[in-house]
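Colleague: Structure in structure tokens, see below.
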Amino acid sequence: MATSCSLISTFFHFSSSLSRFTNTKPHSHSSPSLLHLPRPLRQPTTLFFLRPQQPSPSPSSKPTTTTLLPKLSFSSSSCTFLDSCFLFCTSVALSLTLFLTGADSASAFVVTTPRKLQSDELATVRLFQENTPSVVYITNLAVKQDAFTLDVLEVPQGSGSGFIWDKDGHVVTNYHVIRGASDLRVTLADQSTYDAKIVGFDQDKDVAVLRVEAPKEKLRPIPIGISADLLVGQKVFAIGNPFGLDHTLTTGVISGLRREISSAATGRPIQDVIQTDAAINPGNSGGPLLDSAGNLIGINTAIYSPSGASSGVGFSIPVDTVNGIVEQLVKFGKVTRPILGIKFAPDQSVEQLGVSGVLVLDAPANGPAGKAGLQSTKRDSYGRLILGDIITSVNGKKVTNGSDLYRILDQCKVGDKVIVEVLRGDHKEKIPVILEPKPDES
């Protein structure tokens with residue numbers, strides 16, 4: 001039925017067009033009357049060619065059926081005959097074309113308008129599409145023994161995100177994402193999975209570097225930016241795998257700069273952290289924080305939330321800090337960071353004593369502080385507690401708590417000589433100390 005309507009409609013259209021072009025007036029006794037329908041057709045509608053108007057039938061007469069096909073009449077003029085032949089052939093050719101191409105009867109009236117996006121939406125979509133191939137999904141596997149069968153099984157104990165650093169297969173993530181793993185697996189954007197090896201990690205800054213043996217054409221390194229010139233209010237984008245959902249994008253702004261958080265592994269402070277209100281949930285850890293140009297400006301590492309879900313306060317390690325750490329891990333497999341070689345009391349305990357500084361609990365004799373002569377806290381023969389040295393400054397910079405001490409040491413290098421001022425009893429002393437690396441990093 002639809003094909004017949006298409007044939008008749010096409011015939012009618014070319015008939016009227018050619019009639020106007022040739023200015024030929026059809027005979028009044030044989031020209032079909034045309035029923036004009038409004039356009040566009042909203043429902044499947046049949047076009048009829050009607051006979052010439054006849055006198056009104058009597059009320060008792062039965063209705064007659066309207067003829068669907070047009071009644072063609074030709075005049076004695078050869079021009080009219082040729083026009084009619086040309087019209088018929090053209091109609092048949094066009095109808096066959098529509099039939100062979102399988103055009104639906106309603107498709108001519110359905111126009112799909114492309115979705116219109118604003119310029120900022122287009123920029124966000126483009127940023128996600130260009131950077132998603134650089135973001136990976138990391139699965140942390142632990143070896144556990146079945147209590148009944150005693151079989152050793154690999155069980156997923158955690159997951160997180162990461163991103164491709166270079167074409168050599170290095171992947172950067174958080175240390176707490178891979179902590180305690182017996183095996184690690186990295187899933188790329190095309191869902192291909194590879195076993196990963198740990199190149200190195202820095203517990204103090206919560207950064208780790210993995211490596212996968214994947215084809216280079218599958219590895220797309222993320223563009224590296226800078227974090228020194230960031231501004232509060234600047235737009236940021238976080239890509240990760242929250243709750244195991246593959247490649248999720250959240251947006252927000254920089255809420256604050258130069259924040260300080262503590263490493264989940266060692267408690268050592270991480271300075272100059274970026275605060276953002278972009279939604280960061282469990283599984284986002286290790287994923288990239290990008291600026292509006294799609295450049296890496298930080299690693300999503302922590303959130304402040306009583307419930308464990310995003311509460312609008314997320315933290316990212318700045319890329320300037322990450323860059324130096326990754327270079328050392330890739331080159332040496334470790335980060336050489338100087339230490340004093342002491343164990344100190346919690347800040348609350350020192351505050352209760354009414355003094356300001358870092359109380360030395362233990363200074364091993366083979367460590368830098370022990371070699372320099374710093375005294376540890378101990379008990380006398382009667383069991384009474386004798387406080388050790390209280391560090392009040394290093395190189396003239398005041399030390400009020402453990403974070404201050406770490407912050408000063410981060411600016412030093414292994415082998416540097418520092419002047420440590422301590423409160424010993426009721427007097428102060430200045431003691432030179434030569435900084436050394438951690439024993440497990442030697």
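Naming scheme: A, B, ... for chains in displayed order of the structure tokens; residues 1 onward per chain; ligands 1 onward as shown.
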Can you list, as a PyMOL selection string, every residue of region 144-390 of chain A that DSSP puts in helix (DSSP H, G or I)?
Modeller: chain A and resi 175-178+216-218+242-244+319-332+347-352+368-372
Colleague: Take CA of Lys371 (chain A) and CA of Val399 (chain A) and report the distance between them in Å, one decimal.
Modeller: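 Answer for the CA of Lys371 (chain A) to CA of Val399 (chain A) separation: 21.2 Å.
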Colleague: Write out as a ChimeraX atom specification which residues come within 10 Å of region 343-350 of chain A when counting only C-alpha atoms, dropping same-chain ones fewer than 3 positions away.
Modeller: /A:340,353-364,376-377,388-391,400-403
Colleague: Just how far from CA of Gln234 (chain A) is CA of Ser255 (chain A), in Å to one decimal?
Modeller: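 Between these atoms lies a distance of 8.4 Å.
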Colleague: Work out how far CA of Gly370 (chain A) is from CA of Asn395 (chain A), in Å to one decimal.
Modeller: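 Computing it gives 18.2 Å between the two atoms.
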Colleague: Write out as a PyMOL selection string the set of residues from region 95-323 of chain A that DSSP, computed on the backbone, places in strand (DSSP E or B).
Modeller: chain A and resi 135-145+152-164+170-173+183-187+193-202+207-212+224+235-240+248-262+269-276+288-291+296-303+314-318
Colleague: For region 167-170 of chain A, please output as a PDB file with N, CA and C atoms, in the first residue's frame all residues within 8 Å (counting only C-alpha atoms; exclusion window: fewer than 2 positions along the same chain).
Modeller:
ATOM      1  N   ILE A 164      48.805   6.199  32.345  1.00  0.00           N
ATOM      2  CA  ILE A 164      50.019   5.843  31.615  1.00  0.00           C
ATOM      3  C   ILE A 164      50.956   7.045  31.592  1.00  0.00           C
ATOM      4  N   TRP A 165      52.198   6.805  32.002  1.00  0.00           N
ATOM      5  CA  TRP A 165      53.173   7.879  32.123  1.00  0.00           C
ATOM      6  C   TRP A 165      53.985   8.055  30.843  1.00  0.00           C
ATOM      7  N   VAL A 172      51.470   5.193  36.688  1.00  0.00           N
ATOM      8  CA  VAL A 172      51.579   5.891  37.976  1.00  0.00           C
ATOM      9  C   VAL A 172      50.256   5.771  38.721  1.00  0.00           C
ATOM     10  N   VAL A 209      54.928   3.435  41.089  1.00  0.00           N
ATOM     11  CA  VAL A 209      55.094   3.292  39.643  1.00  0.00           C
ATOM     12  C   VAL A 209      55.088   1.815  39.302  1.00  0.00           C
ATOM     13  N   LEU A 210      54.228   1.434  38.342  1.00  0.00           N
ATOM     14  CA  LEU A 210      54.149   0.067  37.848  1.00  0.00           C
ATOM     15  C   LEU A 210      54.635   0.033  36.407  1.00  0.00           C
ATOM     16  N   ARG A 211      54.778  -1.193  35.897  1.00  0.00           N
ATOM     17  CA  ARG A 211      55.142  -1.335  34.491  1.00  0.00           C
ATOM     18  C   ARG A 211      54.396  -2.517  33.900  1.00  0.00           C
ATOM     19  N   VAL A 212      53.867  -2.320  32.690  1.00  0.00           N
ATOM     20  CA  VAL A 212      53.149  -3.372  31.978  1.00  0.00           C
ATOM     21  C   VAL A 212      53.825  -3.609  30.638  1.00  0.00           C
ATOM     22  N   GLU A 213      53.820  -4.861  30.206  1.00  0.00           N
ATOM     23  CA  GLU A 213      54.377  -5.227  28.905  1.00  0.00           C
ATOM     24  C   GLU A 213      53.248  -5.228  27.875  1.00  0.00           C
ATOM     25  N   ALA A 214      52.867  -4.045  27.430  1.00  0.00           N
ATOM     26  CA  ALA A 214      51.779  -3.890  26.468  1.00  0.00           C
ATOM     27  C   ALA A 214      52.330  -3.297  25.175  1.00  0.00           C
ATOM     28  N   LYS A 216      53.116  -0.834  22.275  1.00  0.00           N
ATOM     29  CA  LYS A 216      53.236   0.612  22.364  1.00  0.00           C
ATOM     30  C   LYS A 216      52.087   1.341  21.700  1.00  0.00           C
ATOM     31  N   LEU A 219      49.495   2.189  24.210  1.00  0.00           N
ATOM     32  CA  LEU A 219      49.882   3.055  25.327  1.00  0.00           C
ATOM     33  C   LEU A 219      49.838   4.511  24.884  1.00  0.00           C
ATOM     34  N   ARG A 220      48.998   5.281  25.529  1.00  0.00           N
ATOM     35  CA  ARG A 220      48.904   6.707  25.235  1.00  0.00           C
ATOM     36  C   ARG A 220      49.244   7.495  26.503  1.00  0.00           C
ATOM     37  N   PRO A 221      50.447   8.035  26.604  1.00  0.00           N
ATOM     38  CA  PRO A 221      50.835   8.785  27.813  1.00  0.00           C
ATOM     39  C   PRO A 221      49.956  10.013  28.008  1.00  0.00           C
TER      40      PRO A 221
END
Colleague: Against region 248-252 of chain A, which residues of region 266-371 of chain A fall within 7 Å? For each one I want the closest pair of atoms and the distance in Å (one decimal), counting only C-alpha atoms, rows by chain and increasing residue number, as a tab-separated table.
Modeller:
residue	atom	partner	partner_atom	distance
A:Thr276	CA	A:Gly252	CA	6.7
A:Asp277	CA	A:Gly252	CA	5.4
A:Ala278	CA	A:Gly252	CA	4.2
A:Ala279	CA	A:Thr250	CA	5.9
Colleague: Can you list every residue of region 294-395 of chain A that has an atom at most 8 Å from region 410-415 of chain A, with its nearest atom pair and the distance in Å to one decimal, using only C-alpha atoms, ordered by chain then number, as CSV?
Modeller:
residue,atom,partner,partner_atom,distance
A:Thr336,CA,A:Val414,CA,7.4
A:Arg337,CA,A:Val414,CA,6.6
A:Pro338,CA,A:Val414,CA,4.8
A:Ile339,CA,A:Val414,CA,8.0
Colleague: Choose the residue, out of A:Lys218, A:Gly162, A:Ile325, A:Ile138, that has the smallest atom-to-atom separation from Arg185 (chain A); count only C-alpha atoms.
Modeller: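 Under the stated criterion, the closest residue is A:Ile138.
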Colleague: So which one's closest to Arg259 (chain A), A:Asp229, A:Asp272, A:Glu217, A:Asp320? Using only C-alpha atoms, please.
Modeller: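 Ranking A:Asp229, A:Asp272, A:Glu217, A:Asp320 by distance to Arg259 (chain A), first place goes to A:Asp272.
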Colleague: Near region 122-126 of chain A, within 9 Å and counting only C-alpha atoms, which residues show up once chain neighbours fewer than 3 positions away are dropped, as a list in words?
Modeller: Leu117, Gln118, Ser119, Gln129, Glu130, Asn131, Phe237, Ser292 and Ala293 of chain A
Colleague: Calculated over only C-alpha atoms, which of the candidates A:Ser182, A:Gln271, A:Gln328, A:Thr392 has the smallest distance to Phe201 (chain A)?
Modeller: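 Of all the options, A:Gln328 lies closest to Phe201 (chain A).
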Colleague: Any idea what's packed within 9 Å of Gly158 (chain A), counting only C-alpha atoms, ignoring anything in its chain fewer than 6 positions away? Could you give it as a list in words?
Modeller: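 That gives Ile138, Thr139, Asn140, Leu141, Ala142, Val177, Ile178, Ala181 and Gly283 of chain A.
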Colleague: Produce a file of the selected residues containing all heavy atoms, as a short mmCIF file (atom, residue, chain, number, x, y, z; two decimals), in the first residue's frame.
Modeller:
data_model
loop_
_atom_site.label_atom_id
_atom_site.label_comp_id
_atom_site.auth_asym_id
_atom_site.auth_seq_id
_atom_site.Cartn_x
_atom_site.Cartn_y
_atom_site.Cartn_z
N ILE A 138 43.25 -0.62 37.95
CA ILE A 138 44.23 -1.45 38.64
C ILE A 138 43.52 -2.34 39.65
O ILE A 138 42.73 -1.86 40.46
CB ILE A 138 45.30 -0.60 39.34
CG1 ILE A 138 46.03 0.28 38.31
CG2 ILE A 138 46.29 -1.47 40.10
CD1 ILE A 138 47.00 1.25 38.93
N THR A 139 43.82 -3.65 39.58
CA THR A 139 43.25 -4.62 40.51
C THR A 139 44.36 -5.17 41.40
O THR A 139 45.39 -5.64 40.90
CB THR A 139 42.56 -5.77 39.77
OG1 THR A 139 41.59 -5.23 38.87
CG2 THR A 139 41.87 -6.71 40.74
N ASN A 140 44.14 -5.10 42.70
CA ASN A 140 45.09 -5.57 43.71
C ASN A 140 44.69 -6.98 44.13
O ASN A 140 43.60 -7.19 44.67
CB ASN A 140 45.08 -4.61 44.90
CG ASN A 140 46.11 -4.96 45.95
OD1 ASN A 140 46.48 -6.12 46.11
ND2 ASN A 140 46.57 -3.97 46.67
N LEU A 141 45.57 -7.95 43.86
CA LEU A 141 45.28 -9.35 44.19
C LEU A 141 46.15 -9.80 45.35
O LEU A 141 47.35 -9.51 45.40
CB LEU A 141 45.55 -10.24 42.98
CG LEU A 141 44.73 -9.92 41.71
CD1 LEU A 141 45.21 -10.79 40.55
CD2 LEU A 141 43.25 -10.12 41.96
N ALA A 142 45.54 -10.50 46.28
CA ALA A 142 46.26 -11.03 47.44
C ALA A 142 46.13 -12.54 47.47
O ALA A 142 45.11 -13.11 47.07
CB ALA A 142 45.71 -10.43 48.73
N VAL A 177 47.02 2.04 46.82
CA VAL A 177 46.25 1.20 45.90
C VAL A 177 46.91 -0.17 45.74
O VAL A 177 46.22 -1.19 45.61
CB VAL A 177 46.10 1.90 44.53
CG1 VAL A 177 45.50 0.96 43.50
CG2 VAL A 177 45.25 3.15 44.67
N ILE A 178 48.24 -0.23 45.78
CA ILE A 178 48.97 -1.49 45.55
C ILE A 178 49.52 -2.09 46.83
O ILE A 178 50.14 -3.16 46.79
CB ILE A 178 50.12 -1.25 44.57
CG1 ILE A 178 51.21 -0.37 45.22
CG2 ILE A 178 49.63 -0.62 43.28
CD1 ILE A 178 52.52 -0.35 44.46
N ALA A 181 49.86 -6.10 47.94
CA ALA A 181 49.47 -6.92 46.79
C ALA A 181 50.50 -8.00 46.52
O ALA A 181 51.71 -7.76 46.58
CB ALA A 181 49.29 -6.04 45.56
N GLY A 283 38.00 4.12 44.69
CA GLY A 283 38.24 3.66 43.32
C GLY A 283 38.82 4.74 42.44
O GLY A 283 39.43 4.46 41.42
#
Colleague: For Pro242 (chain A), which of A:Asn295, A:Asn323, A:Thr193, A:Asn300 is the closest residue, counting only C-alpha atoms?
Modeller: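 Checking each of A:Asn295, A:Asn323, A:Thr193, A:Asn300 against Pro242 (chain A), counting only C-alpha atoms, the winner is A:Asn300.
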Colleague: Nearest to Gly240 (chain A): which of A:Ile299, A:Pro368, A:Arg115, A:Lys428 is it, counting only C-alpha atoms?
Modeller: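 Going through A:Ile299, A:Pro368, A:Arg115, A:Lys428 one by one, the smallest distance to Gly240 (chain A) is for A:Ile299.
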Colleague: Extract, using only C-alpha atoms, all DNA, RNA and protein residues at most 12 Å from Ile254 (chain A), discarding same-chain residues fewer than 2 positions from it, and format them as an NGL selection string.
Modeller: :A and (227 or 230-238 or 251-252 or 256-259 or 273-279 or 289-292 or 297-298 or 312-316 or 318)
